[in-house]
Amino acid sequence: MFIFAALVNSEEDRTKLEQIYIKYKNLMYYIANDILKNTHEAEDVVQNSIIKIANYIEKIDDINCNKTKSLIVTIVKSTSIDVYRKKKDNYIIDIDETGNRIESDEPPLDDLIIRLEESEELSKKLAELKSEYADILMLKYYHQFNDKEIAGVLSLKNENVRIRIYRAKIALKKVMLKD
Amino acid sequence: MKINDQKERVIEEYYKYIGSIHAENTAKEADEIIEKSKDIDFPKELEHWFEGYIGDTIKKDKKSKFKSRFSSTVKRAAIFLIILGIGVFVTTMSVEAYRIRFLNLITEVTERYTSITIEREPDESPNNDLLGESYFYPGYIPVGYKQSDAQSYGELRVIYFENGIGDRIEFLQTEVDSNLQVDTEDATTEDITINGSKGLLVSKEDVKTLLWFTDTNSFFIMGKLDQKEIVSMAESLEFIK
């Protein structure tokens with residue numbers, strides 16, 4: 001059922017994981033159940049999410065901060081969505097992940113003036129457009145995860161992480177242009 | 001820093017800012033859900049699973065620490081044994097007689113892999129049957145010399161050592177009452193002490209003769225040796241039964 005790929009090595013990390021579990025177990029179970037509408041699958045998702053969190057336990061300093069909360073929510077959501085997609089008869093291939101070429105390495109925002117005062121609104125709109133785009137930009141630039149770690153959190157293949165990051169930037173540019 | 005690099009850093013910082021805003025928004029959602037989910041029925045199976053998971057990590061952590069400690073102890077023991085072995089080897093090698101026998105022993109072992117019984121080579125084992133049941137034998141034999149013969153005449157025993165280029169050492173032993181004679185004409189003589197016993201060193205041309213007496217025996221060594229060698233040979237006598 002589960003591969004206990006991650007085992008917490010130190011007592012300090014173990015204590016941290018226990019505290020995270022106690023504080024956020026209801027949150028994780030609620031989110032998973034809300035997406036999957038199935039308690040057994042929700043339990044599986046919570047277990048898998050705990051194991052994933054254990055993988056990144058060293059990156060978590062304060063278990064009560066927004067950074068930690070956002071990471072936990074992202075992990076649970078992406079794990080739930082992954083289970084949901086696999087449940088379907090036809091596995092839904094995200095159109096973003098079919099692109100094999102990244103057209104340009106240049107940042108897509110270089111011809112726009114960055115409107116900092118509208119960033120909050122822009123971020124919300126991006127998340128509404130496709131939450132996975134906002135998630136991946138958050139993981140990459142705010143949480144400072146590398147591509148391999150992002151792949152682990154979002155249950156993606158390594159090569160698809162770069163593609164999704166690029167697509168996220170394109171989408172952000174589109175959202176800015178619309179405004 | 002180049003302009004493009006600076007621009008790239010600004011853009012990355014902007015993505016980081018967008019990411020941080022998204023993190024805040026997500027955290028707000030999380031707080032709302034935490035409030036909503038306070039009283040939900042959390043599955044006991046998940047509680048049991050988590051207890052088991054933590055238990056497994058503790059067990060594996062202990063096992064890993066034990067393996068690490070064991071490995072460290074084994075390494076230390078191995079290093080200690082190697083140092084001890086080197087120490088014993090160096091000590092053994094420092095005594096020349098033992099070095100010669102030891103090296104021959106090693107030679108024997110390397111030449112006879114099928115056998116674990118160490119055999120001494122025949123020419124290392126003097127055929128001293130003619131010397132009788134007990135006799136004295138030098139522990140130190142000057143370099144290059146090997147025993148070539150052994151003779152017994154009543155209580156008188158003579159052992160000869162040769163070096164392959166015609167030089168010979170004569171080692172004679174007899175009862176203390178026997179009369180040993182040496183040619184001292186045109187020779188220099190010197191009183192000498194061998195292991196606390198009185199002796200006489202006679203030097204004539206390049207031949208040295210050493211006579212000394214204990215409570216029970218008289219000894220005589222003669223050969224083309226320097227004083228140090230002849231004295232070392234005399235002082236190294238071992239009683240062989």
# chains A, B, ... in the order shown; residues from 1 in each chain; ligands from 1
>>> residues_around(residues="A:Val76", least_positions_apart="2", cutoff="8 Å", atoms="only C-alpha atoms", output="list in words")
Met28, Ile31, Ala32, Val45, Val46, Ser49, Ile72, Val73, Thr74, Ser78, Thr79 and Ser80 of chain A
>>> write_last_selection(atoms="N, CA and C atoms", output="PDB file, in the first residue's frame")
ATOM      1  N   MET A  28      -5.694  18.194   6.838  1.00  0.00           N
ATOM      2  CA  MET A  28      -5.310  17.330   5.715  1.00  0.00           C
ATOM      3  C   MET A  28      -6.455  16.390   5.349  1.00  0.00           C
ATOM      4  N   ILE A  31      -9.361  18.372   3.603  1.00  0.00           N
ATOM      5  CA  ILE A  31      -9.065  18.746   2.203  1.00  0.00           C
ATOM      6  C   ILE A  31      -9.158  17.520   1.292  1.00  0.00           C
ATOM      7  N   ALA A  32      -8.535  16.420   1.728  1.00  0.00           N
ATOM      8  CA  ALA A  32      -8.507  15.202   0.911  1.00  0.00           C
ATOM      9  C   ALA A  32      -9.923  14.673   0.690  1.00  0.00           C
ATOM     10  N   VAL A  45      -4.529   9.369   1.244  1.00  0.00           N
ATOM     11  CA  VAL A  45      -3.887  10.635   0.878  1.00  0.00           C
ATOM     12  C   VAL A  45      -3.184  11.251   2.088  1.00  0.00           C
ATOM     13  N   VAL A  46      -3.816  11.188   3.240  1.00  0.00           N
ATOM     14  CA  VAL A  46      -3.190  11.757   4.451  1.00  0.00           C
ATOM     15  C   VAL A  46      -1.883  11.013   4.754  1.00  0.00           C
ATOM     16  N   SER A  49       0.708  11.990   2.279  1.00  0.00           N
ATOM     17  CA  SER A  49       1.117  13.378   2.508  1.00  0.00           C
ATOM     18  C   SER A  49       2.088  13.472   3.682  1.00  0.00           C
ATOM     19  N   ILE A  72       1.908  22.415   3.402  1.00  0.00           N
ATOM     20  CA  ILE A  72       1.085  21.248   3.766  1.00  0.00           C
ATOM     21  C   ILE A  72      -0.175  21.192   2.902  1.00  0.00           C
ATOM     22  N   VAL A  73      -0.832  22.337   2.738  1.00  0.00           N
ATOM     23  CA  VAL A  73      -2.042  22.373   1.908  1.00  0.00           C
ATOM     24  C   VAL A  73      -1.710  21.966   0.471  1.00  0.00           C
ATOM     25  N   THR A  74      -0.611  22.483  -0.061  1.00  0.00           N
ATOM     26  CA  THR A  74      -0.205  22.173  -1.437  1.00  0.00           C
ATOM     27  C   THR A  74       0.062  20.686  -1.591  1.00  0.00           C
ATOM     28  N   SER A  78      -2.299  18.391  -4.015  1.00  0.00           N
ATOM     29  CA  SER A  78      -1.719  17.774  -5.208  1.00  0.00           C
ATOM     30  C   SER A  78      -1.789  16.254  -5.110  1.00  0.00           C
ATOM     31  N   THR A  79      -1.613  15.708  -3.925  1.00  0.00           N
ATOM     32  CA  THR A  79      -1.727  14.253  -3.745  1.00  0.00           C
ATOM     33  C   THR A  79      -3.158  13.793  -3.992  1.00  0.00           C
ATOM     34  N   SER A  80      -4.117  14.566  -3.523  1.00  0.00           N
ATOM     35  CA  SER A  80      -5.527  14.216  -3.726  1.00  0.00           C
ATOM     36  C   SER A  80      -5.886  14.262  -5.201  1.00  0.00           C
TER      37      SER A  80
END
>>> residues_around(residues="B:Thr216", least_positions_apart="3", cutoff="10 Å", atoms="only C-alpha atoms", output="list of chain:residue names")
B:Thr174, B:Glu175, B:Val176, B:Asp177, B:Phe213
>>> residues_around(residues="A:His40", least_positions_apart="3", cutoff="12 Å", atoms="only C-alpha atoms", output="PyMOL selection string")
(chain A and resi 29+32-33+36-37+43-47+80+83) or (chain B and resi 42-46)
>>> write_last_selection(atoms="N, CA and C atoms", output="tab-separated table (two decimals), in the first residue's frame")
chain	number	residue	atom	x	y	z
A	29	TYR	N	-7.06	15.82	6.36
A	29	TYR	CA	-8.14	14.86	6.11
A	29	TYR	C	-9.34	15.57	5.47
A	32	ALA	N	-8.54	16.42	1.73
A	32	ALA	CA	-8.51	15.20	0.91
A	32	ALA	C	-9.92	14.67	0.69
A	33	ASN	N	-10.70	14.66	1.76
A	33	ASN	CA	-12.06	14.15	1.67
A	33	ASN	C	-12.93	15.05	0.79
A	36	LEU	N	-11.85	14.17	-2.85
A	36	LEU	CA	-12.08	12.80	-3.30
A	36	LEU	C	-13.47	12.27	-2.95
A	37	LYS	N	-14.12	12.89	-1.98
A	37	LYS	CA	-15.44	12.43	-1.53
A	37	LYS	C	-15.43	10.95	-1.15
A	43	GLU	N	-7.95	8.84	3.63
A	43	GLU	CA	-6.96	8.30	4.60
A	43	GLU	C	-5.65	8.00	3.89
A	44	ASP	N	-5.75	7.37	2.73
A	44	ASP	CA	-4.53	7.06	1.95
A	44	ASP	C	-3.77	8.33	1.63
A	45	VAL	N	-4.53	9.37	1.24
A	45	VAL	CA	-3.89	10.63	0.88
A	45	VAL	C	-3.18	11.25	2.09
A	46	VAL	N	-3.82	11.19	3.24
A	46	VAL	CA	-3.19	11.76	4.45
A	46	VAL	C	-1.88	11.01	4.75
A	47	GLN	N	-1.92	9.69	4.65
A	47	GLN	CA	-0.70	8.90	4.91
A	47	GLN	C	0.40	9.29	3.93
A	80	SER	N	-4.12	14.57	-3.52
A	80	SER	CA	-5.53	14.22	-3.73
A	80	SER	C	-5.89	14.26	-5.20
A	83	VAL	N	-4.56	11.26	-7.02
A	83	VAL	CA	-5.39	10.08	-6.79
A	83	VAL	C	-6.67	10.18	-7.60
B	42	PHE	N	-12.11	12.17	13.13
B	42	PHE	CA	-10.84	11.78	12.52
B	42	PHE	C	-10.66	10.27	12.65
B	43	PRO	N	-10.39	9.56	11.56
B	43	PRO	CA	-10.34	8.09	11.61
B	43	PRO	C	-9.29	7.54	12.58
B	44	LYS	N	-9.70	6.58	13.38
B	44	LYS	CA	-8.76	5.96	14.34
B	44	LYS	C	-7.67	5.18	13.59
B	45	GLU	N	-8.05	4.65	12.41
B	45	GLU	CA	-7.06	3.89	11.63
B	45	GLU	C	-5.84	4.76	11.33
B	46	LEU	N	-6.12	6.02	11.03
B	46	LEU	CA	-5.01	6.92	10.74
B	46	LEU	C	-4.16	7.17	11.96
>>> residues_around(residues="B:Glu133", least_positions_apart="5", cutoff="10 Å", atoms="only C-alpha atoms", output="JSON, numbers by chain")
{"B": [128, 240, 241]}
>>> write_last_selection(atoms="C-alpha atoms", output="compact mmCIF listing (two decimals), in the first residue's frame")
# COMPACT_ATOMS: atom_id res chain seq x y z
CA ASN B 128 73.43 -32.55 15.69
CA ILE B 240 70.05 -27.36 23.93
CA LYS B 241 68.58 -30.47 25.47
>>> closest_atom_pairs(of="chain B", to="chain A", cutoff="7 Å", atoms="only C-alpha atoms", output="CSV")
residue,atom,partner,partner_atom,distance
B:Tyr15,CA,A:Tyr141,CA,6.1
B:Lys16,CA,A:Tyr141,CA,4.4
B:Ile18,CA,A:Ser123,CA,5.7
B:Gly19,CA,A:Met138,CA,3.7
B:Ser20,CA,A:Tyr142,CA,5.7
B:Ile21,CA,A:Glu120,CA,6.1
B:His22,CA,A:Ser123,CA,6.0
B:Ala23,CA,A:Ser70,CA,5.1
B:Glu24,CA,A:Asn66,CA,6.0
B:Thr26,CA,A:Ser70,CA,5.3
B:Ala27,CA,A:Ser70,CA,5.2
B:Ala30,CA,A:Lys69,CA,6.7
B:Ile33,CA,A:Leu27,CA,6.1
B:Ile34,CA,A:Leu27,CA,5.3
B:Ser37,CA,A:Asn26,CA,5.9
B:Lys38,CA,A:Asn26,CA,6.9
B:Phe42,CA,A:Asn26,CA,6.7
B:Leu46,CA,A:Glu43,CA,6.6
B:Thr57,CA,A:Leu7,CA,5.7
B:Asp61,CA,A:Asn9,CA,6.2
>>> write_last_selection(atoms="C-alpha atoms", output="compact mmCIF listing (two decimals), in the first residue's frame")
# COMPACT_ATOMS: atom_id res chain seq x y z
CA TYR B 15 8.00 35.58 -8.75
CA LYS B 16 9.05 35.05 -5.15
CA ILE B 18 3.85 36.37 -6.12
CA GLY B 19 4.65 33.05 -4.46
CA SER B 20 4.62 34.59 -0.99
CA ILE B 21 1.23 36.19 -1.63
CA HIS B 22 -0.12 32.86 -2.81
CA ALA B 23 1.33 31.24 0.34
CA GLU B 24 -0.48 33.83 2.47
CA THR B 26 -3.35 29.51 1.01
CA ALA B 27 -2.55 29.88 4.71
CA ALA B 30 -5.98 26.67 5.79
CA ILE B 33 -10.49 24.92 7.20
CA ILE B 34 -8.76 24.25 10.55
CA SER B 37 -12.64 20.80 10.80
CA LYS B 38 -12.18 21.07 14.57
CA PHE B 42 -10.84 11.78 12.52
CA LEU B 46 -5.01 6.92 10.74
CA THR B 57 11.30 5.26 12.42
CA ASP B 61 17.00 4.86 13.81
>>> residues_around(residues="B:Leu211", least_positions_apart="5", cutoff="6 Å", atoms="only C-alpha atoms", output="list in words")
Gly199, Leu200, Phe219 and Phe220 of chain B
>>> select_by_dssp(residues="stretch 29-176 of chain A", states="helix (DSSP H, G or I)", output="compact mmCIF listing (two decimals) with N, CA and C atoms, in the first residue's frame")
# COMPACT_ATOMS: atom_id res chain seq x y z
N TYR A 29 -7.06 15.82 6.36
CA TYR A 29 -8.14 14.86 6.11
C TYR A 29 -9.34 15.57 5.47
N TYR A 30 -9.63 16.76 5.94
CA TYR A 30 -10.76 17.54 5.42
C TYR A 30 -10.56 17.86 3.94
N ILE A 31 -9.36 18.37 3.60
CA ILE A 31 -9.06 18.75 2.20
C ILE A 31 -9.16 17.52 1.29
N ALA A 32 -8.54 16.42 1.73
CA ALA A 32 -8.51 15.20 0.91
C ALA A 32 -9.92 14.67 0.69
N ASN A 33 -10.70 14.66 1.76
CA ASN A 33 -12.06 14.15 1.67
C ASN A 33 -12.93 15.05 0.79
N ASP A 34 -12.65 16.35 0.87
CA ASP A 34 -13.41 17.32 0.08
C ASP A 34 -13.19 17.12 -1.42
N ILE A 35 -11.96 16.78 -1.78
CA ILE A 35 -11.62 16.57 -3.20
C ILE A 35 -12.10 15.20 -3.67
N LEU A 36 -11.85 14.17 -2.85
CA LEU A 36 -12.08 12.80 -3.30
C LEU A 36 -13.47 12.27 -2.95
N THR A 39 -13.79 8.49 2.10
CA THR A 39 -12.99 8.54 3.35
C THR A 39 -11.76 7.64 3.28
N HIS A 40 -11.91 6.47 2.65
CA HIS A 40 -10.76 5.56 2.58
C HIS A 40 -9.64 6.15 1.74
N GLU A 41 -10.03 6.73 0.61
CA GLU A 41 -9.02 7.37 -0.24
C GLU A 41 -8.42 8.58 0.46
N ALA A 42 -9.25 9.28 1.22
CA ALA A 42 -8.75 10.43 1.98
C ALA A 42 -7.71 9.98 3.00
N GLU A 43 -7.95 8.84 3.63
CA GLU A 43 -6.96 8.30 4.60
C GLU A 43 -5.65 8.00 3.89
N ASP A 44 -5.75 7.37 2.73
CA ASP A 44 -4.53 7.06 1.95
C ASP A 44 -3.77 8.33 1.63
N VAL A 45 -4.53 9.37 1.24
CA VAL A 45 -3.89 10.63 0.88
C VAL A 45 -3.18 11.25 2.09
N VAL A 46 -3.82 11.19 3.24
CA VAL A 46 -3.19 11.76 4.45
C VAL A 46 -1.88 11.01 4.75
N GLN A 47 -1.92 9.69 4.65
CA GLN A 47 -0.70 8.90 4.91
C GLN A 47 0.40 9.29 3.93
N ASN A 48 0.06 9.34 2.65
CA ASN A 48 1.06 9.69 1.64
C ASN A 48 1.59 11.10 1.85
N SER A 49 0.71 11.99 2.28
CA SER A 49 1.12 13.38 2.51
C SER A 49 2.09 13.47 3.68
N ILE A 50 1.81 12.70 4.73
CA ILE A 50 2.72 12.69 5.90
C ILE A 50 4.10 12.22 5.46
N ILE A 51 4.12 11.18 4.64
CA ILE A 51 5.40 10.64 4.16
C ILE A 51 6.12 11.69 3.32
N LYS A 52 5.37 12.40 2.49
CA LYS A 52 6.00 13.46 1.68
C LYS A 52 6.52 14.57 2.58
N ILE A 53 5.75 14.96 3.57
CA ILE A 53 6.19 16.03 4.49
C ILE A 53 7.48 15.59 5.19
N ALA A 54 7.56 14.31 5.55
CA ALA A 54 8.76 13.78 6.21
C ALA A 54 9.99 13.96 5.32
N ASN A 55 9.78 13.86 4.01
CA ASN A 55 10.88 14.06 3.05
C ASN A 55 11.46 15.45 3.14
N ILE A 57 11.09 17.56 5.84
CA ILE A 57 11.00 18.05 7.23
C ILE A 57 12.13 19.02 7.57
N GLU A 58 13.29 18.82 6.94
CA GLU A 58 14.42 19.70 7.25
C GLU A 58 14.22 21.11 6.73
N LYS A 59 13.30 21.24 5.76
CA LYS A 59 13.04 22.58 5.21
C LYS A 59 12.04 23.35 6.07
N ASN A 66 2.95 30.74 7.97
CA ASN A 66 2.19 30.61 6.72
C ASN A 66 2.90 29.75 5.70
N LYS A 67 4.20 29.83 5.73
CA LYS A 67 5.00 29.05 4.77
C LYS A 67 4.72 27.55 4.95
N THR A 68 4.72 27.11 6.20
CA THR A 68 4.48 25.69 6.49
C THR A 68 3.05 25.30 6.15
N LYS A 69 2.11 26.15 6.53
CA LYS A 69 0.69 25.85 6.25
C LYS A 69 0.49 25.72 4.74
N SER A 70 1.05 26.65 3.98
CA SER A 70 0.84 26.62 2.52
C SER A 70 1.48 25.38 1.92
N LEU A 71 2.61 24.97 2.45
CA LEU A 71 3.28 23.76 1.94
C LEU A 71 2.41 22.53 2.20
N ILE A 72 1.91 22.41 3.40
CA ILE A 72 1.08 21.25 3.77
C ILE A 72 -0.17 21.19 2.90
N VAL A 73 -0.83 22.34 2.74
CA VAL A 73 -2.04 22.37 1.91
C VAL A 73 -1.71 21.97 0.47
N THR A 74 -0.61 22.48 -0.06
CA THR A 74 -0.20 22.17 -1.44
C THR A 74 0.06 20.69 -1.59
N ILE A 75 0.75 20.11 -0.63
CA ILE A 75 1.06 18.68 -0.70
C ILE A 75 -0.23 17.85 -0.69
N VAL A 76 -1.12 18.16 0.22
CA VAL A 76 -2.36 17.38 0.33
C VAL A 76 -3.22 17.54 -0.92
N LYS A 77 -3.32 18.77 -1.39
CA LYS A 77 -4.15 19.02 -2.58
C LYS A 77 -3.59 18.28 -3.79
N SER A 78 -2.30 18.39 -4.02
CA SER A 78 -1.72 17.77 -5.21
C SER A 78 -1.79 16.25 -5.11
N THR A 79 -1.61 15.71 -3.93
CA THR A 79 -1.73 14.25 -3.74
C THR A 79 -3.16 13.79 -3.99
N SER A 80 -4.12 14.57 -3.52
CA SER A 80 -5.53 14.22 -3.73
C SER A 80 -5.89 14.26 -5.20
N ILE A 81 -5.43 15.32 -5.88
CA ILE A 81 -5.72 15.47 -7.31
C ILE A 81 -5.09 14.32 -8.09
N ASP A 82 -3.91 13.92 -7.68
CA ASP A 82 -3.22 12.82 -8.35
C ASP A 82 -4.03 11.53 -8.21
N VAL A 83 -4.56 11.26 -7.02
CA VAL A 83 -5.39 10.08 -6.79
C VAL A 83 -6.67 10.18 -7.60
N TYR A 84 -7.26 11.36 -7.62
CA TYR A 84 -8.49 11.58 -8.37
C TYR A 84 -8.29 11.29 -9.85
N ARG A 85 -7.20 11.78 -10.40
CA ARG A 85 -6.93 11.57 -11.83
C ARG A 85 -6.71 10.11 -12.15
N LYS A 86 -6.03 9.44 -11.25
CA LYS A 86 -5.74 8.01 -11.49
C LYS A 86 -7.01 7.16 -11.39
N LYS A 87 -7.98 7.68 -10.63
CA LYS A 87 -9.25 6.95 -10.48
C LYS A 87 -10.03 6.89 -11.78
N ILE A 95 -2.54 19.28 -20.31
CA ILE A 95 -2.06 19.82 -21.58
C ILE A 95 -0.71 20.52 -21.40
N ASP A 96 -0.49 21.09 -20.21
CA ASP A 96 0.76 21.79 -19.96
C ASP A 96 1.96 20.88 -20.06
N GLU A 97 1.75 19.62 -19.76
CA GLU A 97 2.87 18.70 -19.67
C GLU A 97 3.17 18.02 -20.99
N THR A 98 2.42 18.36 -22.03
CA THR A 98 2.69 17.72 -23.31
C THR A 98 3.71 18.52 -24.11
N LEU A 116 3.59 46.21 -8.66
CA LEU A 116 3.66 45.60 -7.34
C LEU A 116 2.38 45.78 -6.55
N GLU A 117 1.76 46.94 -6.70
CA GLU A 117 0.57 47.22 -5.89
C GLU A 117 -0.60 46.31 -6.27
N GLU A 118 -0.50 45.70 -7.44
CA GLU A 118 -1.59 44.81 -7.88
C GLU A 118 -1.24 43.33 -7.70
N SER A 119 -0.10 43.08 -7.08
CA SER A 119 0.40 41.70 -7.01
C SER A 119 -0.55 40.77 -6.28
N GLU A 120 -1.18 41.33 -5.23
CA GLU A 120 -2.08 40.47 -4.46
C GLU A 120 -3.24 39.99 -5.33
N GLU A 121 -3.78 40.91 -6.08
CA GLU A 121 -4.89 40.59 -6.97
C GLU A 121 -4.43 39.63 -8.07
N LEU A 122 -3.26 39.90 -8.60
CA LEU A 122 -2.72 39.07 -9.69
C LEU A 122 -2.49 37.63 -9.23
N SER A 123 -1.98 37.53 -8.02
CA SER A 123 -1.72 36.19 -7.48
C SER A 123 -3.02 35.40 -7.32
N LYS A 124 -4.05 36.11 -6.86
CA LYS A 124 -5.37 35.45 -6.70
C LYS A 124 -5.90 35.01 -8.04
N LYS A 125 -5.77 35.88 -9.02
CA LYS A 125 -6.28 35.56 -10.36
C LYS A 125 -5.53 34.39 -10.98
N LEU A 126 -4.26 34.37 -10.74
CA LEU A 126 -3.47 33.26 -11.26
C LEU A 126 -3.93 31.95 -10.62
N ALA A 127 -4.16 32.01 -9.31
CA ALA A 127 -4.61 30.81 -8.60
C ALA A 127 -5.99 30.38 -9.08
N GLU A 128 -6.83 31.38 -9.42
CA GLU A 128 -8.17 31.05 -9.94
C GLU A 128 -8.07 30.44 -11.32
N LEU A 129 -7.15 30.96 -12.11
CA LEU A 129 -6.95 30.45 -13.47
C LEU A 129 -6.54 28.98 -13.42
N SER A 131 -4.72 26.73 -10.18
CA SER A 131 -4.03 26.79 -8.87
C SER A 131 -2.65 26.15 -8.93
N GLU A 132 -2.50 25.17 -9.85
CA GLU A 132 -1.19 24.50 -9.94
C GLU A 132 -0.10 25.46 -10.39
N TYR A 133 -0.47 26.49 -11.19
CA TYR A 133 0.53 27.46 -11.63
C TYR A 133 1.00 28.31 -10.45
N ALA A 134 0.05 28.75 -9.67
CA ALA A 134 0.41 29.55 -8.49
C ALA A 134 1.22 28.69 -7.51
N ASP A 135 0.81 27.42 -7.37
CA ASP A 135 1.52 26.51 -6.44
C ASP A 135 2.98 26.35 -6.86
N ILE A 136 3.18 26.14 -8.16
CA ILE A 136 4.55 25.83 -8.58
C ILE A 136 5.46 27.05 -8.48
N LEU A 137 4.91 28.24 -8.74
CA LEU A 137 5.72 29.45 -8.57
C LEU A 137 6.06 29.66 -7.10
N MET A 138 5.09 29.34 -6.24
CA MET A 138 5.31 29.46 -4.79
C MET A 138 6.40 28.48 -4.34
N LEU A 139 6.30 27.23 -4.81
CA LEU A 139 7.29 26.22 -4.39
C LEU A 139 8.69 26.58 -4.90
N LYS A 140 8.73 27.04 -6.14
CA LYS A 140 10.04 27.31 -6.75
C LYS A 140 10.71 28.55 -6.16
N TYR A 141 9.95 29.65 -6.08
CA TYR A 141 10.60 30.92 -5.75
C TYR A 141 10.43 31.34 -4.30
N TYR A 142 9.35 30.90 -3.67
CA TYR A 142 9.15 31.29 -2.27
C TYR A 142 9.71 30.22 -1.32
N ASP A 147 13.91 21.49 -8.60
CA ASP A 147 12.95 20.82 -9.49
C ASP A 147 12.61 19.41 -9.01
N LYS A 148 13.62 18.71 -8.48
CA LYS A 148 13.38 17.34 -8.02
C LYS A 148 12.42 17.34 -6.82
N GLU A 149 12.61 18.30 -5.93
CA GLU A 149 11.74 18.38 -4.75
C GLU A 149 10.32 18.76 -5.16
N ILE A 150 10.22 19.68 -6.12
CA ILE A 150 8.89 20.08 -6.61
C ILE A 150 8.19 18.88 -7.22
N ALA A 151 8.95 18.08 -7.98
CA ALA A 151 8.37 16.89 -8.60
C ALA A 151 7.80 15.96 -7.53
N GLY A 152 8.51 15.85 -6.41
CA GLY A 152 8.05 14.99 -5.33
C GLY A 152 6.78 15.51 -4.69
N VAL A 153 6.73 16.82 -4.47
CA VAL A 153 5.55 17.41 -3.82
C VAL A 153 4.32 17.30 -4.72
N LEU A 154 4.51 17.62 -6.01
CA LEU A 154 3.36 17.69 -6.91
C LEU A 154 3.11 16.40 -7.68
N ASN A 158 10.20 14.73 -13.28
CA ASN A 158 11.19 15.82 -13.19
C ASN A 158 11.13 16.75 -14.40
N GLU A 159 11.05 16.15 -15.59
CA GLU A 159 11.10 16.97 -16.80
C GLU A 159 9.87 17.86 -16.95
N ASN A 160 8.76 17.44 -16.36
CA ASN A 160 7.53 18.23 -16.48
C ASN A 160 7.49 19.43 -15.55
N VAL A 161 8.37 19.43 -14.56
CA VAL A 161 8.40 20.56 -13.62
C VAL A 161 8.80 21.85 -14.36
N ARG A 162 9.85 21.72 -15.15
CA ARG A 162 10.31 22.92 -15.89
C ARG A 162 9.24 23.43 -16.83
N ILE A 163 8.56 22.49 -17.46
CA ILE A 163 7.51 22.88 -18.40
C ILE A 163 6.41 23.63 -17.66
N ARG A 164 6.02 23.10 -16.53
CA ARG A 164 4.93 23.73 -15.79
C ARG A 164 5.33 25.11 -15.27
N ILE A 165 6.59 25.24 -14.84
CA ILE A 165 7.07 26.55 -14.36
C ILE A 165 6.99 27.57 -15.49
N TYR A 166 7.43 27.12 -16.65
CA TYR A 166 7.39 28.02 -17.82
C TYR A 166 5.95 28.42 -18.14
N ARG A 167 5.07 27.45 -18.12
CA ARG A 167 3.65 27.72 -18.42
C ARG A 167 3.06 28.65 -17.37
N ALA A 168 3.48 28.47 -16.14
CA ALA A 168 2.98 29.33 -15.05
C ALA A 168 3.37 30.78 -15.28
N LYS A 169 4.59 30.96 -15.76
CA LYS A 169 5.06 32.33 -16.02
C LYS A 169 4.29 32.95 -17.20
N ILE A 170 4.04 32.13 -18.20
CA ILE A 170 3.25 32.61 -19.35
C ILE A 170 1.86 33.02 -18.88
N ALA A 171 1.26 32.17 -18.05
CA ALA A 171 -0.10 32.44 -17.56
C ALA A 171 -0.12 33.71 -16.72
N LEU A 172 0.92 33.92 -15.91
CA LEU A 172 1.00 35.13 -15.09
C LEU A 172 1.08 36.36 -15.99
N LYS A 173 1.83 36.25 -17.03
CA LYS A 173 1.96 37.37 -17.98
C LYS A 173 0.60 37.67 -18.63
N LYS A 174 -0.11 36.61 -18.99
CA LYS A 174 -1.43 36.79 -19.61
C LYS A 174 -2.37 37.49 -18.64
N VAL A 175 -2.33 37.09 -17.40
CA VAL A 175 -3.19 37.68 -16.38
C VAL A 175 -2.85 39.16 -16.22
N MET A 176 -1.58 39.48 -16.26
CA MET A 176 -1.15 40.87 -16.13
C MET A 176 -1.60 41.68 -17.36
>>> atom_distance(atom1="atom CA of B:Asp206", atom2="atom CA of B:Ala187")
10.4 Å
